[in-house]
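Comments concern the structure below.
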2 protein chains.
Amino acid sequence: MIKPKAKIQDVAAVAGVGVATVDRVLNKRPGVRQQTVARVEAALRQLNYRPDIHAARLAKGRNLRLAFVIPRGHNTFMDLLLDEVHNTAERMLHERCFIDVLFVEAFDGASVAATLNGLSEQDWDGVAVVVPDAQLVREAIDACVARGLKLVTLVSDLPSSARQHFVGIDNIAAGRVAGRLLGRFNAGRSGRIALIAGSMVLRDHMERYMGCEQVLRAEFPALTALPVIEGRDDAETTAAVARDLLLNHPDIVGIYNMGAGNRGLIRELKAARQPGQVVTIAHELTPHARQALLEGTYDAILCQDPAHEVRSAVRILQALCEDGAIVRNQERIRIEIFLKDNLP
Amino acid sequence: MIKPKAKIQDVAAVAGVGVATVDRVLNKRPGVRQQTVARVEAALRQLNYRPDIHAARLAKGRNLRLAFVIPRGHNTFMDLLLDEVHNTAERMLHERCFIDVLFVEAFDGASVAATLNGLSEQDWDGVAVVVPDAQLVREAIDACVARGLKLVTLVSDLPSSARQHFVGIDNIAAGRVAGRLLGRFNAGRSGRIALIAGSMVLRDHMERYMGCEQVLRAEFPALTALPVIEGRDDAETTAAVARDLLLNHPDIVGIYNMGAGNRGLIRELKAARQPGQVVTIAHELTPHARQALLEGTYDAILCQDPAHEVRSAVRILQALCEDGAIVRNQERIRIEIFLKDNLP
DNA sequence: CAAAATTTGATGTGCGAACATCAAATTTTG
DNA sequence: CAAAATTTGATGTTCGCACATCAAATTTTG
């Protein structure tokens, strides 16, 4: 039942070669005949050999160096993300892995690109980066990867770049969920749905919009979406656009806030409507949003767990750097749906 | 910024003692004066020393032995759980951790208790167990823990026992979510809600019932719950009770299946009603449930990710056995809510 | 066929901690 | 104060692997 784990010696014995040769094959060192390589690989497979990760990490003694590139002082969600990077950095210090945070300006592709271009493959092994959708950024990412850095995008993706992985939710699906909840919570009623984004140049907001619009059109014809308003992910701007909306459209029965700025929206909602009158869905479980959900101002909150995202980014970068295995399902970032009943 | 990780030598130097003494303190070996212990501990804290886990695991050379105690051939969810135990066992084999599965009879407290009592602390370090709620089981758990085994309950809890941890969802919250979705998806309508459990001796089903009933009573007075029916977590029995329900209660507007046996329920629903006529909520994303959700027979599925639960149980047992740290948030099992839009 | 080039094996070192042993230093006790 | 008991330090071994070196064996080449 329990097979003792094979070690290099065992592999060498089975392959009929010396341990040094097995070592050469395992670490892709030169100077081994192709036919010998084949023999060793057969033995590896036969014994299902995997290096003992603890011994390996100890022997290499190498410290992984990871950089997190994050917008500075952007919004509450980013603050949560940042906190978690620090927590994780603290923990990972004890596992031979250093994590530093590099700040960039929010919404500013040039700033992100400049930071990425400044990352030398001498100093860093991997990067996790929150990116705006811009050509400049795409090129900087591709350059990083070409230099040999491992790179994952975080929260917002840039699929056409050479990034090795994306750590975040499926935003189209999130939008669809929002659309369906708006539709079903309004069962029977008809009216208008207001959509608020941070900025439509943010890919994640754009995708949420697409998903929501799709579902509303296809399955809830009694509800029609108003044109998307931009709140700049900022409480004051969001408050202003929300006030306009609520004043000018008495027939609004639902609101989907795809971006940040929850504080502003909540304030205006409370001022303008009775609780429960407008079905409202928002993103990210910030303290204000949480409170609004409990009070009934919000009806549901869609959420990505920033802590999970950070841990996942680190695990994936580790795996990429040390060619370990990635456990797919473990790295699936969930679209969490919070009602007032299942708050953590 | 980056402090090089402290090693035992550093601690010894700071404390002004030899490495052997630090080692004695770290591993709680006897023969050190209290005052020296204090000096060493001060140094440990000052340097924020943590043993290098890779070196430690390598040196100990000990293999963790974990047992998963799981009901045999119970239902699809348990099958998924079992699959994942095997996957994880395969992966953990390479990390000095052996995992075995012990089968017990479903619903059978005596069988579980006997199995637990058979686990010697010589052969095992930790146990994860899916328990029915029975006094016999509680005693067996307490005995295990008293023997020095680390023990976590899985999926279904027994809070009054001495188990070190529970790995699973908050079932009361899950029930509340179900209640709210039933209420809101039925916005305006009034009628009866059918509740189906596997068995009310299962704590998780009982708790779901409580949560759901709570919310319905408090917030959706137009909906009244019928008495709970037991489907034995089995497709045929569930089909039979569902058929009865649907025949005898034309005023049913919602169904909450708190247990397994989805296949039976789906079959009867399709036979008796138009899709969309009865709001239906069920648990666990099995292939049949998934299909039903896509087709509109089900309206939402509440779910606990068995893969996450298994990984979490292993991590927690590891931490308990090697007195490592537990990352709380990472081990929080989420109540996942699936609509047809966010299926993985 | 001999010389040159390539492959291979044996061997050693270090990673950081766990654990063991023994001698030296210190404290306690009679 | 000396003998006994307790604490302490120095040292060595082990875990499994990565990496390096050198000599021996094999193959290739002219």
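By convention here, the chains of the structure tokens are called A, B, ... in the order presented, each chain's residues are numbered starting at 1, and ligands are numbered starting at 1 in the order presented.
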
Tell me which protein, DNA and RNA residues are within 7 Å of region 298-308 of chain A, counting only C-alpha atoms (C1' of nucleotides), leaving out same-chain ones fewer than 5 positions away, and put them as a CSV table (one decimal) with C-alpha atoms, in the first residue's frame.
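Once written, out13.csv looks like this:
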```
chain,number,residue,atom,x,y,z
A,80,LEU,CA,-7.2,45.0,1.3
A,81,LEU,CA,-5.1,43.5,-1.5
A,84,GLU,CA,-2.7,40.8,2.2
A,169,ILE,CA,-12.3,36.0,-11.5
A,279,VAL,CA,-32.4,46.2,-6.2
A,280,THR,CA,-28.7,47.0,-5.9
A,281,ILE,CA,-25.7,44.8,-6.6
A,282,ALA,CA,-22.1,45.9,-6.1
A,283,HIS,CA,-18.6,44.4,-6.0
A,284,GLU,CA,-16.1,43.8,-3.2
A,285,LEU,CA,-16.8,43.3,0.4
A,292,ALA,CA,-25.0,48.4,3.4
A,293,LEU,CA,-25.8,44.8,2.8
A,333,ILE,CA,-10.6,32.3,-7.9
A,334,ARG,CA,-14.3,32.1,-7.1
A,335,ILE,CA,-17.0,34.7,-7.7
A,336,GLU,CA,-18.2,34.8,-4.2
A,337,ILE,CA,-21.8,35.9,-3.8
A,338,PHE,CA,-22.7,37.5,-0.5
A,339,LEU,CA,-26.2,38.0,0.8
B,330,GLN,CA,-7.3,30.1,3.8
```

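Distance criterion 6 Å to chain A, applied with only C-alpha atoms, yields His54, Ala173, Arg176, Val177, Arg184, Phe185, Ala187, Asp341 and Asn342 of chain B on chain B.
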
Contact set, chain B to chain D: 12 Å, only C-alpha atoms (C1' of nucleotides), as a count of residues only: 28

Taking only residues of chain C that have an atom at most 8 Å from an atom of chain B, what is each one's shortest atom pair and its distance in Å to one decimal, using only C-alpha atoms (C1' of nucleotides), in chain and number order, as JSON lines?
```
{"residue": "C:DC15", "atom": "C1'", "partner": "B:Ala55", "partner_atom": "CA", "distance": 7.9}
{"residue": "C:DG16", "atom": "C1'", "partner": "B:Ala55", "partner_atom": "CA", "distance": 5.0}
{"residue": "C:DA17", "atom": "C1'", "partner": "B:Ala56", "partner_atom": "CA", "distance": 5.0}
{"residue": "C:DA18", "atom": "C1'", "partner": "B:Ala59", "partner_atom": "CA", "distance": 5.5}
```

Near-Val228 (chain B) list (9 Å; only C-alpha atoms (C1' of nucleotides); drop same-chain fewer than 6 positions) as an mmCIF file with N, CA and C atoms, in the first residue's frame:
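This went into selection.cif:
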```cif
data_model
loop_
_atom_site.group_PDB
_atom_site.id
_atom_site.type_symbol
_atom_site.label_atom_id
_atom_site.label_comp_id
_atom_site.auth_asym_id
_atom_site.auth_seq_id
_atom_site.Cartn_x
_atom_site.Cartn_y
_atom_site.Cartn_z
ATOM 1 N N ALA B 194 -41.428 23.410 0.149
ATOM 2 C CA ALA B 194 -41.159 22.035 0.565
ATOM 3 C C ALA B 194 -39.703 21.896 0.974
ATOM 4 N N LEU B 195 -39.487 21.206 2.069
ATOM 5 C CA LEU B 195 -38.125 20.998 2.552
ATOM 6 C C LEU B 195 -37.821 19.512 2.582
ATOM 7 N N ILE B 196 -36.732 19.136 1.926
ATOM 8 C CA ILE B 196 -36.346 17.726 1.903
ATOM 9 C C ILE B 196 -34.951 17.579 2.500
ATOM 10 N N ALA B 197 -34.830 16.707 3.485
ATOM 11 C CA ALA B 197 -33.507 16.439 4.074
ATOM 12 C C ALA B 197 -33.127 15.001 3.783
ATOM 13 N N MET B 200 -32.751 13.844 9.456
ATOM 14 C CA MET B 200 -32.595 14.910 10.426
ATOM 15 C C MET B 200 -31.638 14.534 11.546
ATOM 16 N N TYR B 209 -31.908 23.285 7.782
ATOM 17 C CA TYR B 209 -33.330 23.469 8.006
ATOM 18 C C TYR B 209 -33.582 24.660 8.917
#
```

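If only C-alpha atoms are the atoms counted, then among B:Met210, B:Leu47, B:Ala42, B:Val130 the closest residue to Leu82 (chain B) is B:Val130.
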
Could you write out, as a PyMOL selection string, all the residues of region 128-334 of chain B that DSSP marks as strand (DSSP E or B)? chain B and resi 128-129+150-154+165-167+191-197+223-225+229-230+252-257+279-283+300-303
